[in-house]
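Colleague: The following file, entry_15.cif, comprises mmCIF, C-alpha atoms, pLDDT in the B column; chains and numbers go by the auth columns:
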data_my_file
loop_
_atom_site.group_PDB
_atom_site.id
_atom_site.type_symbol
_atom_site.label_atom_id
_atom_site.label_comp_id
_atom_site.label_asym_id
_atom_site.label_seq_id
_atom_site.Cartn_x
_atom_site.Cartn_y
_atom_site.Cartn_z
_atom_site.B_iso_or_equiv
_atom_site.auth_seq_id
_atom_site.auth_asym_id
ATOM 1 C CA MET A 1 -1.636 -10.955 -7.712 33.00 1 A
ATOM 2 C CA ALA A 2 -3.848 -9.378 -10.358 39.00 2 A
ATOM 3 C CA LEU A 3 -2.201 -8.500 -13.642 41.00 3 A
ATOM 4 C CA GLY A 4 -2.916 -4.807 -13.214 42.00 4 A
ATOM 5 C CA THR A 5 -1.119 -4.586 -9.880 42.00 5 A
ATOM 6 C CA ALA A 6 2.177 -6.295 -10.628 42.00 6 A
ATOM 7 C CA THR A 7 5.169 -5.295 -8.583 42.00 7 A
ATOM 8 C CA ALA A 8 7.712 -8.034 -9.300 48.00 8 A
ATOM 9 C CA PRO A 9 9.885 -7.784 -12.430 45.00 9 A
ATOM 10 C CA HIS A 10 8.498 -11.040 -13.845 53.00 10 A
ATOM 11 C CA GLU A 11 4.876 -9.921 -13.562 82.00 11 A
ATOM 12 C CA LEU A 12 3.154 -8.044 -16.360 91.00 12 A
ATOM 13 C CA ARG A 13 0.794 -5.079 -16.247 87.00 13 A
ATOM 14 C CA PHE A 14 -2.078 -4.274 -18.548 92.00 14 A
ATOM 15 C CA ASP A 15 -3.587 -1.229 -16.863 89.00 15 A
ATOM 16 C CA THR A 16 -2.408 1.745 -18.916 93.00 16 A
ATOM 17 C CA GLY A 17 -5.425 1.832 -21.194 93.00 17 A
ATOM 18 C CA ARG A 18 -3.554 1.154 -24.449 97.00 18 A
ATOM 19 C CA VAL A 19 -1.532 -1.752 -25.837 97.00 19 A
ATOM 20 C CA CYS A 20 1.343 0.523 -26.877 98.00 20 A
ATOM 21 C CA LEU A 21 1.522 1.990 -23.358 97.00 21 A
ATOM 22 C CA ASP A 22 1.390 -1.511 -21.854 97.00 22 A
ATOM 23 C CA LEU A 23 4.460 -2.344 -23.956 98.00 23 A
ATOM 24 C CA LEU A 24 6.169 0.808 -22.707 96.00 24 A
ATOM 25 C CA ALA A 25 5.362 -0.243 -19.121 95.00 25 A
ATOM 26 C CA THR A 26 7.410 -3.435 -19.518 96.00 26 A
ATOM 27 C CA THR A 27 10.527 -1.528 -18.440 93.00 27 A
ATOM 28 C CA HIS A 28 9.292 -0.842 -14.897 89.00 28 A
ATOM 29 C CA PRO A 29 10.415 -1.622 -12.238 87.00 29 A
ATOM 30 C CA GLY A 30 12.903 -3.605 -14.332 90.00 30 A
ATOM 31 C CA GLU A 31 12.977 -5.426 -17.641 94.00 31 A
ATOM 32 C CA ARG A 32 9.793 -7.491 -17.836 95.00 32 A
ATOM 33 C CA LEU A 33 10.452 -8.874 -21.299 96.00 33 A
ATOM 34 C CA GLY A 34 13.509 -10.814 -20.253 94.00 34 A
ATOM 35 C CA SER A 35 12.602 -14.054 -21.989 95.00 35 A
ATOM 36 C CA VAL A 36 10.629 -15.377 -24.930 96.00 36 A
ATOM 37 C CA GLU A 37 8.153 -16.882 -22.455 95.00 37 A
ATOM 38 C CA ALA A 38 7.563 -13.451 -20.896 96.00 38 A
ATOM 39 C CA LEU A 39 7.066 -11.942 -24.359 97.00 39 A
ATOM 40 C CA ARG A 40 4.565 -14.661 -25.274 96.00 40 A
ATOM 41 C CA ALA A 41 2.687 -13.988 -22.027 95.00 41 A
ATOM 42 C CA TRP A 42 2.691 -10.251 -22.761 97.00 42 A
ATOM 43 C CA ILE A 43 1.394 -10.763 -26.321 97.00 43 A
ATOM 44 C CA THR A 44 -1.478 -12.899 -25.052 95.00 44 A
ATOM 45 C CA GLY A 45 -2.188 -10.775 -21.958 95.00 45 A
ATOM 46 C CA SER A 46 -2.268 -7.572 -23.981 96.00 46 A
ATOM 47 C CA GLY A 47 -5.043 -8.966 -26.165 94.00 47 A
ATOM 48 C CA LEU A 48 -2.987 -8.858 -29.378 96.00 48 A
ATOM 49 C CA VAL A 49 -4.003 -12.463 -29.916 96.00 49 A
ATOM 50 C CA PRO A 50 -7.008 -14.388 -28.602 93.00 50 A
ATOM 51 C CA ALA A 51 -6.466 -16.513 -25.513 87.00 51 A
ATOM 52 C CA GLY A 52 -5.246 -19.957 -26.470 88.00 52 A
ATOM 53 C CA THR A 53 -3.348 -18.767 -29.563 92.00 53 A
ATOM 54 C CA VAL A 54 -0.221 -20.860 -29.950 91.00 54 A
ATOM 55 C CA LEU A 55 2.913 -18.722 -30.122 95.00 55 A
ATOM 56 C CA ALA A 56 5.456 -21.559 -30.221 94.00 56 A
ATOM 57 C CA HIS A 57 7.058 -19.997 -33.317 95.00 57 A
ATOM 58 C CA ALA A 58 8.033 -16.872 -31.329 96.00 58 A
ATOM 59 C CA ASP A 59 11.757 -17.140 -30.751 96.00 59 A
ATOM 60 C CA ALA A 60 14.635 -15.116 -29.322 96.00 60 A
ATOM 61 C CA SER A 61 14.687 -12.851 -32.407 96.00 61 A
ATOM 62 C CA TRP A 62 11.332 -11.423 -31.337 98.00 62 A
ATOM 63 C CA LEU A 63 12.678 -9.913 -28.110 97.00 63 A
ATOM 64 C CA PRO A 64 14.931 -7.241 -29.657 98.00 64 A
ATOM 65 C CA ALA A 65 12.200 -6.319 -32.160 98.00 65 A
ATOM 66 C CA PHE A 66 9.624 -5.655 -29.431 98.00 66 A
ATOM 67 C CA ARG A 67 12.179 -3.870 -27.265 98.00 67 A
ATOM 68 C CA GLU A 68 13.179 -1.706 -30.232 98.00 68 A
ATOM 69 C CA LEU A 69 9.550 -0.709 -30.832 98.00 69 A
ATOM 70 C CA ARG A 70 9.239 0.044 -27.125 98.00 70 A
ATOM 71 C CA GLY A 71 12.260 2.336 -27.417 96.00 71 A
ATOM 72 C CA TRP A 72 10.717 4.196 -30.352 97.00 72 A
ATOM 73 C CA LEU A 73 7.459 4.670 -28.436 97.00 73 A
ATOM 74 C CA ALA A 74 9.075 6.332 -25.409 94.00 74 A
ATOM 75 C CA PRO A 75 9.904 9.741 -26.940 93.00 75 A
ATOM 76 C CA LEU A 76 6.569 9.845 -28.756 94.00 76 A
ATOM 77 C CA VAL A 77 4.331 9.417 -25.713 92.00 77 A
ATOM 78 C CA ARG A 78 6.432 10.688 -22.811 87.00 78 A
ATOM 79 C CA GLY A 79 6.946 14.197 -24.107 75.00 79 A
ATOM 80 C CA ARG A 80 5.255 16.828 -26.152 74.00 80 A
ATOM 81 C CA PRO A 81 5.257 16.355 -29.918 73.00 81 A
ATOM 82 C CA ALA A 82 8.560 17.687 -31.185 74.00 82 A
ATOM 83 C CA PRO A 83 8.661 17.497 -34.990 75.00 83 A
ATOM 84 C CA GLY A 84 11.995 18.643 -36.339 82.00 84 A
ATOM 85 C CA VAL A 85 13.942 17.073 -33.480 86.00 85 A
ATOM 86 C CA PRO A 86 15.938 14.264 -35.100 88.00 86 A
ATOM 87 C CA SER A 87 15.283 11.670 -32.367 89.00 87 A
ATOM 88 C CA TYR A 88 11.535 12.401 -32.429 91.00 88 A
ATOM 89 C CA ASP A 89 11.351 12.318 -36.231 93.00 89 A
ATOM 90 C CA LEU A 90 13.284 9.036 -36.355 94.00 90 A
ATOM 91 C CA ALA A 91 11.025 7.445 -33.723 95.00 91 A
ATOM 92 C CA LEU A 92 7.906 8.606 -35.564 95.00 92 A
ATOM 93 C CA ALA A 93 9.206 7.332 -38.918 96.00 93 A
ATOM 94 C CA ARG A 94 10.071 3.949 -37.426 98.00 94 A
ATOM 95 C CA VAL A 95 6.653 3.528 -35.747 98.00 95 A
ATOM 96 C CA ASN A 96 4.920 4.550 -38.982 98.00 96 A
ATOM 97 C CA GLU A 97 7.038 2.055 -40.918 98.00 97 A
ATOM 98 C CA LEU A 98 6.166 -0.793 -38.532 98.00 98 A
ATOM 99 C CA ALA A 99 2.466 0.148 -38.683 98.00 99 A
ATOM 100 C CA ARG A 100 2.408 -0.428 -42.463 97.00 100 A
ATOM 101 C CA ALA A 101 2.468 -4.220 -42.150 96.00 101 A
ATOM 102 C CA ALA A 102 -0.858 -6.008 -41.937 94.00 102 A
ATOM 103 C CA PRO A 103 -1.833 -6.804 -38.349 93.00 103 A
ATOM 104 C CA PRO A 104 -3.199 -10.253 -37.440 93.00 104 A
ATOM 105 C CA ALA A 105 -6.638 -10.718 -38.992 91.00 105 A
ATOM 106 C CA PRO A 106 -9.143 -12.052 -36.476 92.00 106 A
ATOM 107 C CA ARG A 107 -12.344 -13.796 -37.399 93.00 107 A
ATOM 108 C CA ALA A 108 -15.445 -14.674 -35.407 94.00 108 A
ATOM 109 C CA VAL A 109 -16.131 -18.400 -35.023 93.00 109 A
ATOM 110 C CA PRO A 110 -18.701 -20.270 -32.953 93.00 110 A
ATOM 111 C CA GLY A 111 -17.321 -21.362 -29.593 90.00 111 A
ATOM 112 C CA GLU A 112 -18.914 -23.240 -26.729 89.00 112 A
ATOM 113 C CA GLY A 113 -22.663 -22.883 -26.673 91.00 113 A
ATOM 114 C CA GLY A 114 -22.641 -21.097 -30.027 89.00 114 A
ATOM 115 C CA VAL A 115 -21.171 -17.903 -28.567 94.00 115 A
ATOM 116 C CA LEU A 116 -18.911 -16.204 -31.086 95.00 116 A
ATOM 117 C CA VAL A 117 -15.238 -16.056 -30.146 93.00 117 A
ATOM 118 C CA ARG A 118 -12.242 -14.418 -31.779 93.00 118 A
ATOM 119 C CA ARG A 119 -9.705 -16.682 -33.529 93.00 119 A
ATOM 120 C CA LEU A 120 -6.831 -16.241 -35.965 93.00 120 A
ATOM 121 C CA ASP A 121 -6.405 -18.311 -39.118 87.00 121 A
ATOM 122 C CA GLY A 122 -2.889 -19.244 -38.106 88.00 122 A
ATOM 123 C CA PRO A 123 -0.056 -18.199 -35.863 91.00 123 A
ATOM 124 C CA PRO A 124 0.635 -14.478 -36.267 95.00 124 A
ATOM 125 C CA GLY A 125 4.076 -13.400 -37.398 96.00 125 A
ATOM 126 C CA ARG A 126 6.345 -10.987 -35.605 97.00 126 A
ATOM 127 C CA ALA A 127 5.784 -8.209 -38.171 97.00 127 A
ATOM 128 C CA ALA A 128 1.997 -8.523 -37.827 97.00 128 A
ATOM 129 C CA LEU A 129 2.122 -8.236 -34.051 98.00 129 A
ATOM 130 C CA LEU A 130 4.545 -5.320 -34.151 98.00 130 A
ATOM 131 C CA ALA A 131 2.200 -3.665 -36.656 98.00 131 A
ATOM 132 C CA ALA A 132 -0.734 -4.049 -34.269 97.00 132 A
ATOM 133 C CA VAL A 133 1.191 -2.291 -31.479 98.00 133 A
ATOM 134 C CA ALA A 134 2.502 0.399 -33.849 98.00 134 A
ATOM 135 C CA ARG A 135 -1.023 1.047 -35.193 98.00 135 A
ATOM 136 C CA ASP A 136 -2.277 1.417 -31.641 98.00 136 A
ATOM 137 C CA ALA A 137 0.446 4.025 -31.115 98.00 137 A
ATOM 138 C CA VAL A 138 -0.541 5.835 -34.327 97.00 138 A
ATOM 139 C CA ASP A 139 -4.181 5.865 -33.182 97.00 139 A
ATOM 140 C CA LEU A 140 -3.143 7.218 -29.778 97.00 140 A
ATOM 141 C CA LEU A 141 -0.846 9.886 -31.182 95.00 141 A
ATOM 142 C CA THR A 142 -3.398 11.148 -33.711 95.00 142 A
ATOM 143 C CA ASP A 143 -6.454 11.221 -31.432 96.00 143 A
ATOM 144 C CA PRO A 144 -6.427 14.598 -29.653 94.00 144 A
ATOM 145 C CA VAL A 145 -9.036 13.519 -27.086 93.00 145 A
ATOM 146 C CA VAL A 146 -7.161 10.390 -26.028 94.00 146 A
ATOM 147 C CA ARG A 147 -3.798 12.148 -26.190 92.00 147 A
ATOM 148 C CA ALA A 148 -5.149 14.851 -23.860 91.00 148 A
ATOM 149 C CA GLY A 149 -5.857 12.077 -21.357 92.00 149 A
ATOM 150 C CA LEU A 150 -2.233 10.876 -21.239 93.00 150 A
ATOM 151 C CA ARG A 151 -0.779 11.151 -17.760 92.00 151 A
ATOM 152 C CA GLN A 152 2.575 10.420 -16.166 90.00 152 A
ATOM 153 C CA CYS A 153 2.198 8.531 -12.882 91.00 153 A
ATOM 154 C CA GLU A 154 2.845 10.769 -9.867 87.00 154 A
ATOM 155 C CA GLY A 155 4.384 7.892 -7.910 84.00 155 A
ATOM 156 C CA ASP A 156 7.991 8.239 -6.799 80.00 156 A
ATOM 157 C CA ASP A 157 10.298 7.141 -9.625 83.00 157 A
ATOM 158 C CA CYS A 158 7.419 5.660 -11.632 88.00 158 A
ATOM 159 C CA PRO A 159 7.765 6.238 -15.390 90.00 159 A
ATOM 160 C CA ILE A 160 4.414 4.677 -16.336 91.00 160 A
ATOM 161 C CA VAL A 161 2.296 6.679 -18.789 93.00 161 A
ATOM 162 C CA TYR A 162 -1.418 5.850 -18.861 93.00 162 A
ATOM 163 C CA VAL A 163 -4.684 7.124 -20.329 94.00 163 A
ATOM 164 C CA ASP A 164 -6.766 8.816 -17.639 93.00 164 A
ATOM 165 C CA THR A 165 -10.394 7.881 -18.220 89.00 165 A
ATOM 166 C CA SER A 166 -11.505 8.612 -14.663 86.00 166 A
ATOM 167 C CA ARG A 167 -14.405 10.910 -13.909 86.00 167 A
ATOM 168 C CA GLY A 168 -13.083 14.445 -13.838 82.00 168 A
ATOM 169 C CA ARG A 169 -9.714 13.220 -15.111 81.00 169 A
ATOM 170 C CA ARG A 170 -8.301 13.205 -11.582 82.00 170 A
ATOM 171 C CA ARG A 171 -6.379 9.919 -11.637 84.00 171 A
ATOM 172 C CA ARG A 172 -2.895 10.470 -10.225 82.00 172 A
ATOM 173 C CA TRP A 173 -1.258 7.051 -10.277 79.00 173 A
ATOM 174 C CA CYS A 174 -0.748 4.266 -12.771 83.00 174 A
ATOM 175 C CA SER A 175 -2.226 1.941 -10.167 76.00 175 A
ATOM 176 C CA SER A 176 -4.033 2.874 -6.997 70.00 176 A
ATOM 177 C CA GLU A 177 -2.972 -0.470 -5.523 72.00 177 A
ATOM 178 C CA VAL A 178 0.729 0.019 -6.265 72.00 178 A
ATOM 179 C CA CYS A 179 1.839 3.658 -6.545 81.00 179 A
ATOM 180 C CA GLY A 180 -1.273 5.068 -4.879 68.00 180 A
ATOM 181 C CA ASN A 181 -0.869 2.771 -1.899 70.00 181 A
ATOM 182 C CA ARG A 182 2.821 3.690 -1.577 70.00 182 A
ATOM 183 C CA GLU A 183 1.893 7.378 -1.539 70.00 183 A
ATOM 184 C CA ARG A 184 -0.817 6.837 1.103 72.00 184 A
ATOM 185 C CA VAL A 185 1.616 4.883 3.303 71.00 185 A
ATOM 186 C CA ALA A 186 4.297 7.578 2.906 67.00 186 A
ATOM 187 C CA ARG A 187 1.757 10.302 3.762 68.00 187 A
ATOM 188 C CA HIS A 188 0.672 8.375 6.869 60.00 188 A
ATOM 189 C CA ARG A 189 4.297 7.980 7.985 72.00 189 A
ATOM 190 C CA ARG A 190 4.963 11.696 7.503 72.00 190 A
ATOM 191 C CA ARG A 191 1.909 12.581 9.623 74.00 191 A
ATOM 192 C CA ALA A 192 2.903 10.083 12.302 74.00 192 A
ATOM 193 C CA ALA A 193 6.445 11.511 12.385 73.00 193 A
ATOM 194 C CA LEU A 194 5.074 15.063 12.758 74.00 194 A
ATOM 195 C CA ALA A 195 2.761 13.948 15.558 76.00 195 A
ATOM 196 C CA ARG A 196 5.701 12.421 17.440 79.00 196 A
ATOM 197 C CA ALA A 197 7.845 15.545 17.031 72.00 197 A
#
Would you mind writing the file out in structure tokens?
Modeller:
Amino acid sequence: MALGTATAPHELRFDTGRVCLDLLATTHPGERLGSVEALRAWITGSGLVPAGTVLAHADASWLPAFRELRGWLAPLVRGRPAPGVPSYDLALARVNELARAAPPAPRAVPGEGGVLVRRLDGPPGRAALLAAVARDAVDLLTDPVVRAGLRQCEGDDCPIVYVDTSRGRRRRWCSSEVCGNRERVARHRRRAALARA
């Protein structure tokens, strides 16, 4: 199954349009960051590190750190800005604090056939990767055009928030193949039930 259409808890999605929103999506339909291996796969799949980057140094202490950041992101992107509300202010302060660390520094190096590829000088640390996600959140939260494109999926019980970049900004679901298909099937069943009645 394609990464953008995951439905099983162990599969990861990268279809929200932003790294910080992809991290937020790791709670649906259940906990997707249930192991260090899943976290390593998410870090690589999200594009935080170039493909092939060794993350053997990532250990169990990384899981609560990424889950904590995910928890701070939720009130910032799922609702309207609410400065002065203690939970909002705390979440914003924590994301800003994490964003202060230096993110992994990529460099361009010749790859096969002389094509330039992205590489890191060494394995990125936890703080650097958290900073990259937090900076993405800061960019999202401070860009009025992108923020205006934030949408909550209209699928039943789907909490996914995504950036709508569709023509006319008419996208309704986080994934047409997952939530959109469920809605089309449900609509068909309702019509069939009415026709039988």
Colleague: What does the structure give for the distance between atom CA of A:Arg167 and atom CA of A:Asn181, in Å to one decimal?
Modeller: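 Atom CA of A:Asn181 lies 19.8 Å from atom CA of A:Arg167.
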Colleague: Which residues are near A:Cys20? Cut-off 7 Å, only C-alpha atoms, ignore same chain within fewer than 3 positions. Put them as a compact mmCIF listing (two decimals) with C-alpha atoms, keeping the file's coordinate frame.
Modeller:
# COMPACT_ATOMS: atom_id res chain seq x y z
CA LEU A 23 4.46 -2.34 -23.96
CA LEU A 24 6.17 0.81 -22.71
CA VAL A 133 1.19 -2.29 -31.48
CA ASP A 136 -2.28 1.42 -31.64
CA ALA A 137 0.45 4.03 -31.12
Colleague: What does the structure give for the distance between atom CA of A:Val146 and atom CA of A:Ala82, in Å to one decimal?
Modeller: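 Straight-line distance from atom CA of A:Val146 to atom CA of A:Ala82 works out to 18.1 Å.
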Colleague: Using the chain letters and numbers from the file, which residues does the PyMOL selection byres ((chain A and resi 68-70) around 10) grab, as a list in words?
Modeller: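 Applied to this file, the PyMOL selection byres ((chain A and resi 68-70) around 10) returns Cys20, Leu21, Asp22, Leu23, Leu24, Ala25, Thr26, Thr27, Trp62, Leu63, Pro64, Ala65, Phe66, Arg67, Gly71, Trp72, Leu73, Ala74, Pro75, Ala91, Arg94, Val95, Leu98, Leu130, Ala131, Val133 and Ala134 of chain A.
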Colleague: Between A:Gly113, A:Gly79, A:Val85, A:Cys174, which has the minimum distance to A:Asp156 (counting only C-alpha atoms)?
Modeller: A:Cys174
Colleague: Restricting the calculation to only C-alpha atoms: of A:Ser87, A:Ser166, A:Ser61, A:Ser175, which residue gets closest to A:Arg126?
Modeller: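 Looking only at the distances to A:Arg126, the closest residue turns out to be A:Ser61.
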Colleague: Could you please fill out stretch 24-51 of chain A with N, CA and C atoms and send it back as a short mmCIF file (atom, residue, chain, number, x, y, z; two decimals), in the coordinates of the input?
Modeller:
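result_9.cif, freshly written:
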data_model
loop_
_atom_site.label_atom_id
_atom_site.label_comp_id
_atom_site.auth_asym_id
_atom_site.auth_seq_id
_atom_site.Cartn_x
_atom_site.Cartn_y
_atom_site.Cartn_z
N LEU A 24 5.24 -0.15 -23.31
CA LEU A 24 6.17 0.81 -22.71
C LEU A 24 6.36 0.53 -21.21
N ALA A 25 5.31 0.04 -20.56
CA ALA A 25 5.36 -0.24 -19.12
C ALA A 25 6.20 -1.47 -18.79
N THR A 26 6.63 -2.22 -19.79
CA THR A 26 7.41 -3.44 -19.52
C THR A 26 8.85 -3.14 -19.11
N THR A 27 9.18 -1.88 -18.92
CA THR A 27 10.53 -1.53 -18.44
C THR A 27 10.54 -1.25 -16.94
N HIS A 28 9.38 -1.26 -16.30
CA HIS A 28 9.29 -0.84 -14.90
C HIS A 28 8.71 -1.94 -14.03
N PRO A 29 9.27 -2.25 -12.87
CA PRO A 29 10.42 -1.62 -12.24
C PRO A 29 11.74 -2.10 -12.80
N GLY A 30 11.72 -3.10 -13.64
CA GLY A 30 12.90 -3.60 -14.33
C GLY A 30 12.44 -4.20 -15.64
N GLU A 31 13.32 -4.81 -16.36
CA GLU A 31 12.98 -5.43 -17.64
C GLU A 31 12.00 -6.58 -17.41
N ARG A 32 10.81 -6.45 -17.97
CA ARG A 32 9.79 -7.49 -17.84
C ARG A 32 9.75 -8.41 -19.04
N LEU A 33 10.39 -8.01 -20.12
CA LEU A 33 10.45 -8.87 -21.30
C LEU A 33 11.84 -9.49 -21.37
N GLY A 34 12.18 -10.23 -20.35
CA GLY A 34 13.51 -10.81 -20.25
C GLY A 34 13.65 -12.18 -20.89
N SER A 35 12.55 -12.73 -21.37
CA SER A 35 12.60 -14.05 -21.99
C SER A 35 11.51 -14.15 -23.05
N VAL A 36 11.65 -15.14 -23.90
CA VAL A 36 10.63 -15.38 -24.93
C VAL A 36 9.31 -15.75 -24.26
N GLU A 37 9.38 -16.50 -23.16
CA GLU A 37 8.15 -16.88 -22.46
C GLU A 37 7.43 -15.65 -21.93
N ALA A 38 8.18 -14.69 -21.38
CA ALA A 38 7.56 -13.45 -20.90
C ALA A 38 6.95 -12.67 -22.05
N LEU A 39 7.61 -12.63 -23.19
CA LEU A 39 7.07 -11.94 -24.36
C LEU A 39 5.78 -12.62 -24.83
N ARG A 40 5.79 -13.93 -24.88
CA ARG A 40 4.57 -14.66 -25.27
C ARG A 40 3.42 -14.34 -24.32
N ALA A 41 3.72 -14.31 -23.02
CA ALA A 41 2.69 -13.99 -22.03
C ALA A 41 2.19 -12.56 -22.22
N TRP A 42 3.10 -11.63 -22.54
CA TRP A 42 2.69 -10.25 -22.76
C TRP A 42 1.80 -10.15 -24.00
N ILE A 43 2.18 -10.81 -25.08
CA ILE A 43 1.39 -10.76 -26.32
C ILE A 43 -0.02 -11.25 -26.06
N THR A 44 -0.15 -12.35 -25.34
CA THR A 44 -1.48 -12.90 -25.05
C THR A 44 -2.22 -12.01 -24.06
N GLY A 45 -1.55 -11.60 -22.98
CA GLY A 45 -2.19 -10.78 -21.96
C GLY A 45 -2.63 -9.42 -22.46
N SER A 46 -1.92 -8.89 -23.44
CA SER A 46 -2.27 -7.57 -23.98
C SER A 46 -3.49 -7.62 -24.89
N GLY A 47 -3.89 -8.83 -25.27
CA GLY A 47 -5.04 -8.97 -26.16
C GLY A 47 -4.68 -8.89 -27.64
N LEU A 48 -3.39 -8.89 -27.96
CA LEU A 48 -2.99 -8.86 -29.38
C LEU A 48 -3.44 -10.12 -30.10
N VAL A 49 -3.51 -11.20 -29.36
CA VAL A 49 -4.00 -12.46 -29.92
C VAL A 49 -5.06 -13.01 -28.97
N PRO A 50 -6.01 -13.78 -29.48
CA PRO A 50 -7.01 -14.39 -28.60
C PRO A 50 -6.36 -15.37 -27.63
N ALA A 51 -6.95 -15.53 -26.48
CA ALA A 51 -6.47 -16.51 -25.51
C ALA A 51 -6.42 -17.87 -26.19
#
